[in-house]
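Report on one structure; see the data block that follows.
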Amino acid sequence: MDAFPVPYSGRALPLRRSNVDTDQIIPARFLKRVSRTGFADGLFATWRAQPGFVLDDPAYAGATVLLAGPDFGTGSSREHAVWALQDWGFRVVVSARFADIFRGNAEKGGLLPVQVPAEAVGRLMGLVEADPSTEVVLDLDARTVRAGAGPDEVRVPFEMDDYTRWRLREGLDDITLTLRNDTDIDAYETGRSRFMPAALPIRS
Amino acid sequence: MPSETPPRTLAEKVFAAHVVRRAEGEPDLLYVDLHLVHEVTSPQAFDGLRLTGRGVRRPELTIATEDHNVPTTDILAPIADPVSRTQVETLRRNCAEFGIRLHSMGDANQGIVHVIGPQLGLTQPGMTIVCGDSHTSTHGAFGALAFGIGTSQVEHVLATQTLPVRVPRTMAVTVDGELPPGVTAKDLILAVIAQIGTGGGQGYVIEYRGEAVRALSMEGRMTVCNMSIEAGARAGMVAPDEVTFAYLAGRPHAPSGEDWEEALAYWRTLRTDEGAVFDREVHVDAGALSPYVTWGTNPGQGVPLTASVPAPTSPDDERALEYMDLRPGTALRDVAVDTVFIGSCTNGRIEDLRAAADVLRGRQVADGVRVLVVPGSVGVKVEAESEGLDAVFTAAGAQWRGAGCSMCLGMNPDTLAPGERSASTSNRNFEGRQGPGGRTHLVSPAVAAATAVVGRLSAPGDM
Ligand code: SF4
């Protein structure tokens, strides 16, 4: 996974819905794919079938920050929900509350879940709807979100534990982290018993 | 072993022997001895490797098979369902690209992933075994620590041959006494789950102990460990003993010569020490058990076959009764079925087929009942045919099929129609598991066969 730039700046898309469950993020019929990419067309597929859905509003084309109502990512634990958001181009989701499993999957996959009070999400949405070119700035070091200027400026802190922040900042997925310790794995392997089985070469 | 080592459980010993790295505040990094792969949960993991330019660290510790989607008739024709076909073809491409051993349809060792591992002698005591499949717990019957993992973890194991894991809690299920005649491993595990509930094993590795467990064959132990997940447990284990060693001796990938002696010496240390403490202990009296059957829509909703459908005690029970179209007070032996399924990684091994054949020999399947007998692997199929079991099944009016998961989950064409009712030797009676609207009663192979003859849920003694 890619290291998360500090600070990160991107345009945002306001999704004024709460309780967005993973079945809405990516309906089950798209889970039959065998790839890890190519889920973008499944993203919010049911809602996109209705005209005027915000995801297809050209004003927000190229947005990389998703602003959503509270309780984002509830329901099934499918990892595909994160993959679909990333495939579409999102790198950040801002909500007042995330479902635990979704949050875990997002952090694992490098999609930044930013939890701030509902009132702040509302003001961010207001700014973006008034001017879709508004840049939303995330600072992983300061752990803040900000956007706008002057009296309308939004600047709020968000919470994230040090370990997760470090992993995202360095772009370290679990596999990368484990591979940093591959001398430990090498050492363990040299000590394995000779009688442990292997599937190759095939014996019969 | 130095005498100052505190007493440990079997699970703790196997876990400790695989810790590659331990650091404060992080999960332990655990070495994986064997990684089993099938077509449904692996494609995104291989895709992840390609996206990151990573390889498979130890292809020779990995083995793949086609099982969930395979048709059980006409296996050499192309798979009709395009999704199933794509999953199988993708697995073939991935295994070829990454150098992984694959048993494809038509191959002499193809079969359900949890049947072929033990059969090839790749499942051995003291190993860590993982697979993107919850019934990986089956392999614990050999005293291995074996558990199911998600797709991201499959990728992690492919790339590193390790997995970050937190030390699990341990639970002992001790089955004292002797199982009465006609009561099988399946009845035992259904009774255990009915006793502790589908969440009773949550977060634990269960070790099955006691006289009745020691008396089980390896295949019976696999049936028991297989369904540990149905009690919510991460894994199930049985300490290896002479039964285990006799099963393994001479299998293709079992150690031989000096290695065998060395392995044997190690395997004999794999038992829970005197004085070791489990986080939870449960006792079951084997002598009090009888053939079991589920009446509801989770595997914990089971009762003795001689009982009646119980009165609901929760909204879940009410919903289950409604789905199953059953009324409290109805004798389970009065419940008629449309279909009988004998197979799956729970009960698709040779002893299971022998038990079913013993009941069906010289008898006829009841009018209007469809009976599918699906061996767990091609190896099991060949063995059954060499013993003439296929002839017993077909003479009785049952269908003898090719190897695979089949009606256990209905990803292939073998499904229940809406409203149809089955007696099934598989492990899950969830709503729609065997086909949308299908109703499943979990039973042992002997009960399944007797039910096929009578047309209603029955034990062999009822015929
Ligand atoms: S037989 Fe059933 S439970 Fe076993 S691996 Fe296949 S689908 Fe899963």
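If you're wondering about the labels, chains in the structure tokens are A, B, ... by order shown, residues count from 1 in each chain, ligands from 1 in order shown.
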(request) Give as a PyMOL selection string the residues surrounding ligand 1 up to a distance of 9 Å, considering only C-alpha atoms and all ligand atoms. (result) chain B and resi 38+67-69+112-115+133-136+226-227+343-348+376+404-411+426-428
(message) Going by DSSP on the backbone, which residues of segment 122-249 of chain B come out as alpha helix (DSSP H)? List them as a PyMOL selection string.
(response) chain B and resi 151-160+185-196+211-214+218-226+242-248
Store the residues of this selection in a file with N, CA and C atoms, as a compact mmCIF listing (two decimals), in the first residue's frame.
```
# COMPACT_ATOMS: atom_id res chain seq x y z
N THR B 151 -9.45 -13.59 3.25
CA THR B 151 -8.68 -13.48 2.01
C THR B 151 -7.40 -12.65 2.16
N SER B 152 -7.45 -11.55 2.94
CA SER B 152 -6.22 -10.77 3.16
C SER B 152 -5.16 -11.62 3.85
N GLN B 153 -5.62 -12.48 4.75
CA GLN B 153 -4.68 -13.35 5.47
C GLN B 153 -4.14 -14.43 4.54
N VAL B 154 -4.96 -14.87 3.60
CA VAL B 154 -4.47 -15.84 2.61
C VAL B 154 -3.28 -15.22 1.87
N GLU B 155 -3.44 -13.95 1.49
CA GLU B 155 -2.36 -13.25 0.78
C GLU B 155 -1.13 -13.14 1.70
N HIS B 156 -1.38 -12.86 2.97
CA HIS B 156 -0.29 -12.72 3.92
C HIS B 156 0.50 -14.02 4.03
N VAL B 157 -0.21 -15.13 4.10
CA VAL B 157 0.46 -16.42 4.22
C VAL B 157 1.20 -16.77 2.92
N LEU B 158 0.57 -16.49 1.79
CA LEU B 158 1.26 -16.77 0.52
C LEU B 158 2.58 -16.00 0.47
N ALA B 159 2.54 -14.73 0.87
CA ALA B 159 3.73 -13.88 0.72
C ALA B 159 4.80 -14.17 1.79
N THR B 160 4.38 -14.59 2.99
CA THR B 160 5.35 -14.64 4.10
C THR B 160 5.43 -15.99 4.81
N ALA B 185 -19.67 -40.35 15.90
CA ALA B 185 -18.97 -39.08 16.12
C ALA B 185 -19.87 -37.89 15.79
N LYS B 186 -20.68 -38.01 14.74
CA LYS B 186 -21.56 -36.91 14.35
C LYS B 186 -22.58 -36.62 15.44
N ASP B 187 -23.15 -37.69 16.01
CA ASP B 187 -24.11 -37.50 17.10
C ASP B 187 -23.44 -36.83 18.29
N LEU B 188 -22.21 -37.25 18.55
CA LEU B 188 -21.45 -36.68 19.66
C LEU B 188 -21.27 -35.17 19.48
N ILE B 189 -20.82 -34.75 18.31
CA ILE B 189 -20.55 -33.32 18.14
C ILE B 189 -21.84 -32.52 18.08
N LEU B 190 -22.90 -33.09 17.49
CA LEU B 190 -24.19 -32.38 17.49
C LEU B 190 -24.68 -32.19 18.94
N ALA B 191 -24.45 -33.22 19.77
CA ALA B 191 -24.87 -33.12 21.18
C ALA B 191 -24.03 -32.07 21.91
N VAL B 192 -22.72 -32.03 21.62
CA VAL B 192 -21.86 -31.03 22.27
C VAL B 192 -22.31 -29.62 21.90
N ILE B 193 -22.59 -29.40 20.61
CA ILE B 193 -23.00 -28.05 20.18
C ILE B 193 -24.36 -27.69 20.78
N ALA B 194 -25.26 -28.68 20.85
CA ALA B 194 -26.56 -28.41 21.48
C ALA B 194 -26.37 -28.03 22.95
N GLN B 195 -25.37 -28.64 23.59
CA GLN B 195 -25.12 -28.36 25.01
C GLN B 195 -24.48 -26.99 25.22
N ILE B 196 -23.43 -26.67 24.44
CA ILE B 196 -22.71 -25.41 24.73
C ILE B 196 -23.20 -24.24 23.88
N GLU B 211 -12.32 -40.70 27.35
CA GLU B 211 -12.36 -42.07 26.86
C GLU B 211 -13.09 -42.20 25.52
N ALA B 212 -14.23 -41.54 25.39
CA ALA B 212 -15.03 -41.70 24.17
C ALA B 212 -14.31 -41.10 22.95
N VAL B 213 -13.52 -40.07 23.18
CA VAL B 213 -12.78 -39.45 22.08
C VAL B 213 -11.61 -40.35 21.67
N ARG B 214 -10.92 -40.89 22.68
CA ARG B 214 -9.81 -41.83 22.42
C ARG B 214 -10.30 -43.03 21.61
N MET B 218 -9.74 -42.11 13.42
CA MET B 218 -9.28 -40.80 12.92
C MET B 218 -10.40 -40.09 12.19
N GLU B 219 -11.18 -40.86 11.41
CA GLU B 219 -12.25 -40.23 10.63
C GLU B 219 -13.33 -39.66 11.55
N GLY B 220 -13.63 -40.38 12.63
CA GLY B 220 -14.59 -39.88 13.60
C GLY B 220 -14.07 -38.61 14.28
N ARG B 221 -12.78 -38.61 14.58
CA ARG B 221 -12.19 -37.41 15.21
C ARG B 221 -12.25 -36.21 14.26
N MET B 222 -12.07 -36.49 12.97
CA MET B 222 -12.16 -35.39 11.99
C MET B 222 -13.58 -34.84 11.95
N THR B 223 -14.58 -35.71 12.03
CA THR B 223 -15.98 -35.25 12.04
C THR B 223 -16.21 -34.32 13.23
N VAL B 224 -15.68 -34.70 14.38
CA VAL B 224 -15.86 -33.91 15.60
C VAL B 224 -15.15 -32.55 15.46
N CYS B 225 -13.87 -32.59 15.07
CA CYS B 225 -13.11 -31.32 14.97
C CYS B 225 -13.69 -30.42 13.89
N ASN B 226 -14.15 -31.03 12.80
CA ASN B 226 -14.75 -30.27 11.69
C ASN B 226 -15.81 -29.30 12.18
N GLU B 242 -1.79 -43.64 19.30
CA GLU B 242 -1.50 -44.75 18.40
C GLU B 242 -2.45 -44.79 17.21
N VAL B 243 -3.71 -44.40 17.43
CA VAL B 243 -4.69 -44.38 16.33
C VAL B 243 -4.22 -43.42 15.24
N THR B 244 -3.71 -42.27 15.67
CA THR B 244 -3.23 -41.25 14.73
C THR B 244 -2.02 -41.79 13.96
N PHE B 245 -1.08 -42.38 14.70
CA PHE B 245 0.16 -42.83 14.07
C PHE B 245 -0.14 -43.96 13.07
N ALA B 246 -1.06 -44.86 13.44
CA ALA B 246 -1.40 -45.96 12.55
C ALA B 246 -2.05 -45.43 11.27
N TYR B 247 -2.87 -44.38 11.41
CA TYR B 247 -3.51 -43.78 10.23
C TYR B 247 -2.47 -43.19 9.29
N LEU B 248 -1.46 -42.54 9.87
CA LEU B 248 -0.48 -41.81 9.06
C LEU B 248 0.55 -42.74 8.40
```
(message) I'd like the neighbourhood of segment 354-371 of chain B as an MDAnalysis selection string, where a residue qualifies if any of its atoms comes within 7 Å (using only C-alpha atoms), though same-chain residues fewer than 5 positions away should be ignored.
(response) chainID B and resid 338:341 389 392:393 396:399 445:446 449:450 452:455 460
(message) Please check the contacts: residues of chain A at most 8 Å away from chain B, using only C-alpha atoms, listed as an MDAnalysis selection string.
(response) chainID A and resid 32 34:36 174:175 178:179 182 184:185 188 194:201 203:204
Going by DSSP on the backbone, which bits of segment 15-131 of chain B are strand (DSSP E)? Write them as an mmCIF file with N, CA and C atoms, in the first residue's frame, please.
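Result file follows (states36.cif):
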```
data_model
loop_
_atom_site.group_PDB
_atom_site.id
_atom_site.type_symbol
_atom_site.label_atom_id
_atom_site.label_comp_id
_atom_site.auth_asym_id
_atom_site.auth_seq_id
_atom_site.Cartn_x
_atom_site.Cartn_y
_atom_site.Cartn_z
ATOM 1 N N VAL B 19 6.102 -19.799 17.086
ATOM 2 C CA VAL B 19 6.273 -18.349 17.197
ATOM 3 C C VAL B 19 7.602 -17.938 16.561
ATOM 4 N N VAL B 20 7.484 -17.137 15.512
ATOM 5 C CA VAL B 20 8.653 -16.638 14.790
ATOM 6 C C VAL B 20 9.182 -15.385 15.476
ATOM 7 N N ARG B 21 8.255 -14.598 15.980
ATOM 8 C CA ARG B 21 8.639 -13.317 16.556
ATOM 9 C C ARG B 21 7.583 -12.897 17.566
ATOM 10 N N ASP B 28 1.565 -12.191 18.035
ATOM 11 C CA ASP B 28 2.728 -13.015 17.702
ATOM 12 C C ASP B 28 2.739 -13.306 16.204
ATOM 13 N N LEU B 29 3.934 -13.428 15.656
ATOM 14 C CA LEU B 29 4.044 -13.846 14.266
ATOM 15 C C LEU B 29 4.219 -15.360 14.276
ATOM 16 N N LEU B 30 3.261 -16.055 13.654
ATOM 17 C CA LEU B 30 3.211 -17.517 13.746
ATOM 18 C C LEU B 30 3.600 -18.144 12.403
ATOM 19 N N TYR B 31 4.458 -19.156 12.437
ATOM 20 C CA TYR B 31 4.833 -19.830 11.200
ATOM 21 C C TYR B 31 3.726 -20.795 10.771
ATOM 22 N N LEU B 34 1.482 -25.544 6.713
ATOM 23 C CA LEU B 34 0.770 -25.984 5.510
ATOM 24 C C LEU B 34 -0.371 -25.018 5.221
ATOM 25 N N HIS B 35 -0.439 -24.581 3.971
ATOM 26 C CA HIS B 35 -1.480 -23.653 3.535
ATOM 27 C C HIS B 35 -2.321 -24.341 2.461
ATOM 28 N N LEU B 36 -3.598 -24.510 2.761
ATOM 29 C CA LEU B 36 -4.513 -25.164 1.824
ATOM 30 C C LEU B 36 -5.292 -24.085 1.079
ATOM 31 N N VAL B 37 -5.497 -24.309 -0.207
ATOM 32 C CA VAL B 37 -6.097 -23.267 -1.043
ATOM 33 C C VAL B 37 -7.227 -23.871 -1.883
ATOM 34 N N HIS B 38 -8.360 -23.163 -1.977
ATOM 35 C CA HIS B 38 -9.379 -23.579 -2.951
ATOM 36 C C HIS B 38 -9.839 -22.386 -3.779
ATOM 37 N N THR B 62 2.280 -25.313 0.153
ATOM 38 C CA THR B 62 0.952 -24.862 -0.261
ATOM 39 C C THR B 62 0.363 -25.922 -1.189
ATOM 40 N N ILE B 63 -0.921 -26.205 -1.026
ATOM 41 C CA ILE B 63 -1.561 -27.164 -1.932
ATOM 42 C C ILE B 63 -2.978 -26.693 -2.234
ATOM 43 N N ALA B 64 -3.376 -26.821 -3.488
ATOM 44 C CA ALA B 64 -4.683 -26.319 -3.902
ATOM 45 C C ALA B 64 -5.523 -27.435 -4.511
ATOM 46 N N THR B 65 -6.838 -27.272 -4.379
ATOM 47 C CA THR B 65 -7.756 -28.237 -4.985
ATOM 48 C C THR B 65 -9.016 -27.507 -5.434
ATOM 49 N N ARG B 101 1.083 -26.654 -6.330
ATOM 50 C CA ARG B 101 0.480 -27.950 -6.648
ATOM 51 C C ARG B 101 -1.043 -27.830 -6.614
ATOM 52 N N LEU B 102 -1.682 -28.286 -7.687
ATOM 53 C CA LEU B 102 -3.145 -28.185 -7.784
ATOM 54 C C LEU B 102 -3.740 -29.522 -8.194
ATOM 55 N N HIS B 103 -4.805 -29.918 -7.502
ATOM 56 C CA HIS B 103 -5.544 -31.105 -7.918
ATOM 57 C C HIS B 103 -6.849 -30.666 -8.561
ATOM 58 N N THR B 128 0.989 -26.277 12.154
ATOM 59 C CA THR B 128 0.015 -25.204 11.994
ATOM 60 C C THR B 128 -0.486 -25.281 10.552
ATOM 61 N N ILE B 129 -1.805 -25.285 10.404
ATOM 62 C CA ILE B 129 -2.420 -25.438 9.080
ATOM 63 C C ILE B 129 -3.489 -24.363 8.936
ATOM 64 N N VAL B 130 -3.470 -23.629 7.836
ATOM 65 C CA VAL B 130 -4.520 -22.631 7.610
ATOM 66 C C VAL B 130 -5.100 -22.787 6.216
ATOM 67 N N CYS B 131 -6.299 -22.227 6.040
ATOM 68 C CA CYS B 131 -6.975 -22.257 4.745
ATOM 69 C C CYS B 131 -8.050 -21.187 4.790
#
```
Would you pick out the contacts of Thr134 of chain A at 7 Å or less, using only C-alpha atoms, so that residues sharing its chain but fewer than 2 positions from it are not included, and give the list as a PDB file with all heavy atoms, in the first residue's frame?
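Output file selection-v7.pdb follows:
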```
ATOM      1  N   ARG A  11     -10.041  17.040  -3.296  1.00  0.00           N
ATOM      2  CA  ARG A  11     -11.428  17.527  -3.367  1.00  0.00           C
ATOM      3  C   ARG A  11     -12.351  16.453  -2.789  1.00  0.00           C
ATOM      4  O   ARG A  11     -12.001  15.278  -2.742  1.00  0.00           O
ATOM      5  CB  ARG A  11     -11.806  17.888  -4.798  1.00  0.00           C
ATOM      6  CG  ARG A  11     -11.205  19.264  -5.169  1.00  0.00           C
ATOM      7  CD  ARG A  11     -11.559  19.721  -6.562  1.00  0.00           C
ATOM      8  NE  ARG A  11     -10.960  18.861  -7.567  1.00  0.00           N
ATOM      9  CZ  ARG A  11     -11.650  18.036  -8.342  1.00  0.00           C
ATOM     10  NH1 ARG A  11     -12.977  17.982  -8.252  1.00  0.00           N
ATOM     11  NH2 ARG A  11     -11.044  17.280  -9.209  1.00  0.00           N
ATOM     12  N   VAL A 128     -18.248  22.169   0.670  1.00  0.00           N
ATOM     13  CA  VAL A 128     -18.002  21.482  -0.591  1.00  0.00           C
ATOM     14  C   VAL A 128     -19.169  21.659  -1.552  1.00  0.00           C
ATOM     15  O   VAL A 128     -18.994  21.831  -2.749  1.00  0.00           O
ATOM     16  CB  VAL A 128     -17.714  19.990  -0.310  1.00  0.00           C
ATOM     17  CG1 VAL A 128     -17.754  19.172  -1.578  1.00  0.00           C
ATOM     18  CG2 VAL A 128     -16.373  19.845   0.394  1.00  0.00           C
ATOM     19  N   ASP A 131     -18.908  25.108  -2.957  1.00  0.00           N
ATOM     20  CA  ASP A 131     -17.823  25.210  -3.934  1.00  0.00           C
ATOM     21  C   ASP A 131     -17.114  23.869  -4.063  1.00  0.00           C
ATOM     22  O   ASP A 131     -16.224  23.537  -3.276  1.00  0.00           O
ATOM     23  CB  ASP A 131     -16.837  26.303  -3.492  1.00  0.00           C
ATOM     24  CG  ASP A 131     -15.645  26.385  -4.452  1.00  0.00           C
ATOM     25  OD1 ASP A 131     -15.661  25.683  -5.489  1.00  0.00           O
ATOM     26  OD2 ASP A 131     -14.705  27.139  -4.139  1.00  0.00           O
ATOM     27  N   PRO A 132     -17.511  23.070  -5.077  1.00  0.00           N
ATOM     28  CA  PRO A 132     -16.939  21.729  -5.227  1.00  0.00           C
ATOM     29  C   PRO A 132     -15.426  21.722  -5.427  1.00  0.00           C
ATOM     30  O   PRO A 132     -14.800  20.664  -5.290  1.00  0.00           O
ATOM     31  CB  PRO A 132     -17.652  21.178  -6.465  1.00  0.00           C
ATOM     32  CG  PRO A 132     -18.912  21.958  -6.566  1.00  0.00           C
ATOM     33  CD  PRO A 132     -18.584  23.331  -6.049  1.00  0.00           C
ATOM     34  N   VAL A 136      -9.999  19.727   0.733  1.00  0.00           N
ATOM     35  CA  VAL A 136     -10.035  19.289   2.137  1.00  0.00           C
ATOM     36  C   VAL A 136      -8.632  18.784   2.462  1.00  0.00           C
ATOM     37  O   VAL A 136      -8.072  17.967   1.721  1.00  0.00           O
ATOM     38  CB  VAL A 136     -11.086  18.188   2.349  1.00  0.00           C
ATOM     39  CG1 VAL A 136     -11.041  17.669   3.789  1.00  0.00           C
ATOM     40  CG2 VAL A 136     -12.472  18.726   2.019  1.00  0.00           C
ATOM     41  N   GLY A 148     -11.617  25.325   3.719  1.00  0.00           N
ATOM     42  CA  GLY A 148     -12.162  26.684   3.702  1.00  0.00           C
ATOM     43  C   GLY A 148     -11.214  27.691   4.333  1.00  0.00           C
ATOM     44  O   GLY A 148     -10.119  27.335   4.778  1.00  0.00           O
TER      45      GLY A 148
END
```
Env of Leu332 of chain B: 9 Å cut, atoms = only C-alpha atoms, seq-sep filter 4 positions within chain, self excluded. Answer as a PDB file with N, CA and C atoms, in the first residue's frame.
```
ATOM      1  N   VAL B 293     -30.355 -35.139  15.860  1.00  0.00           N
ATOM      2  CA  VAL B 293     -30.832 -34.492  14.634  1.00  0.00           C
ATOM      3  C   VAL B 293     -31.109 -33.026  14.956  1.00  0.00           C
ATOM      4  N   TRP B 295     -33.367 -29.629  14.429  1.00  0.00           N
ATOM      5  CA  TRP B 295     -34.731 -29.287  14.014  1.00  0.00           C
ATOM      6  C   TRP B 295     -34.791 -27.853  13.474  1.00  0.00           C
ATOM      7  N   PRO B 304     -32.172 -35.317  20.535  1.00  0.00           N
ATOM      8  CA  PRO B 304     -32.172 -36.729  20.165  1.00  0.00           C
ATOM      9  C   PRO B 304     -33.283 -37.006  19.149  1.00  0.00           C
ATOM     10  N   LEU B 305     -33.000 -37.921  18.250  1.00  0.00           N
ATOM     11  CA  LEU B 305     -33.960 -38.263  17.203  1.00  0.00           C
ATOM     12  C   LEU B 305     -35.284 -38.779  17.766  1.00  0.00           C
ATOM     13  N   THR B 306     -35.233 -39.339  18.973  1.00  0.00           N
ATOM     14  CA  THR B 306     -36.455 -39.865  19.597  1.00  0.00           C
ATOM     15  C   THR B 306     -37.315 -38.752  20.197  1.00  0.00           C
ATOM     16  N   ALA B 307     -36.802 -37.528  20.180  1.00  0.00           N
ATOM     17  CA  ALA B 307     -37.529 -36.416  20.815  1.00  0.00           C
ATOM     18  C   ALA B 307     -38.533 -35.802  19.839  1.00  0.00           C
ATOM     19  N   SER B 308     -39.247 -34.806  20.350  1.00  0.00           N
ATOM     20  CA  SER B 308     -40.178 -34.053  19.514  1.00  0.00           C
ATOM     21  C   SER B 308     -39.609 -32.669  19.258  1.00  0.00           C
ATOM     22  N   VAL B 309     -40.181 -31.989  18.294  1.00  0.00           N
ATOM     23  CA  VAL B 309     -39.787 -30.607  18.031  1.00  0.00           C
ATOM     24  C   VAL B 309     -40.063 -29.798  19.290  1.00  0.00           C
ATOM     25  N   ALA B 336     -41.162 -36.067   7.290  1.00  0.00           N
ATOM     26  CA  ALA B 336     -40.798 -36.672   6.007  1.00  0.00           C
ATOM     27  C   ALA B 336     -39.818 -35.781   5.242  1.00  0.00           C
ATOM     28  N   ARG B 456     -38.838 -40.906   6.308  1.00  0.00           N
ATOM     29  CA  ARG B 456     -38.968 -39.964   7.423  1.00  0.00           C
ATOM     30  C   ARG B 456     -37.695 -40.050   8.244  1.00  0.00           C
ATOM     31  N   LEU B 457     -37.394 -39.002   9.035  1.00  0.00           N
ATOM     32  CA  LEU B 457     -36.180 -39.013   9.866  1.00  0.00           C
ATOM     33  C   LEU B 457     -36.183 -40.277  10.723  1.00  0.00           C
ATOM     34  N   SER B 458     -35.137 -41.104  10.582  1.00  0.00           N
ATOM     35  CA  SER B 458     -35.131 -42.417  11.249  1.00  0.00           C
ATOM     36  C   SER B 458     -33.718 -42.853  11.567  1.00  0.00           C
TER      37      SER B 458
END
```
(request) Find the distance between atom CA of Leu10 of chain B and atom CA of Gly197 of chain B and write it in Å to one decimal. (result) 23.6 Å
(request) Compile the contact shell of Ala96 of chain A as a ChimeraX atom specification: residues with an atom at most 7 Å away, counting only C-alpha atoms, same-chain residues fewer than 3 positions apart removed. (result) /A:69-70,115-118,121
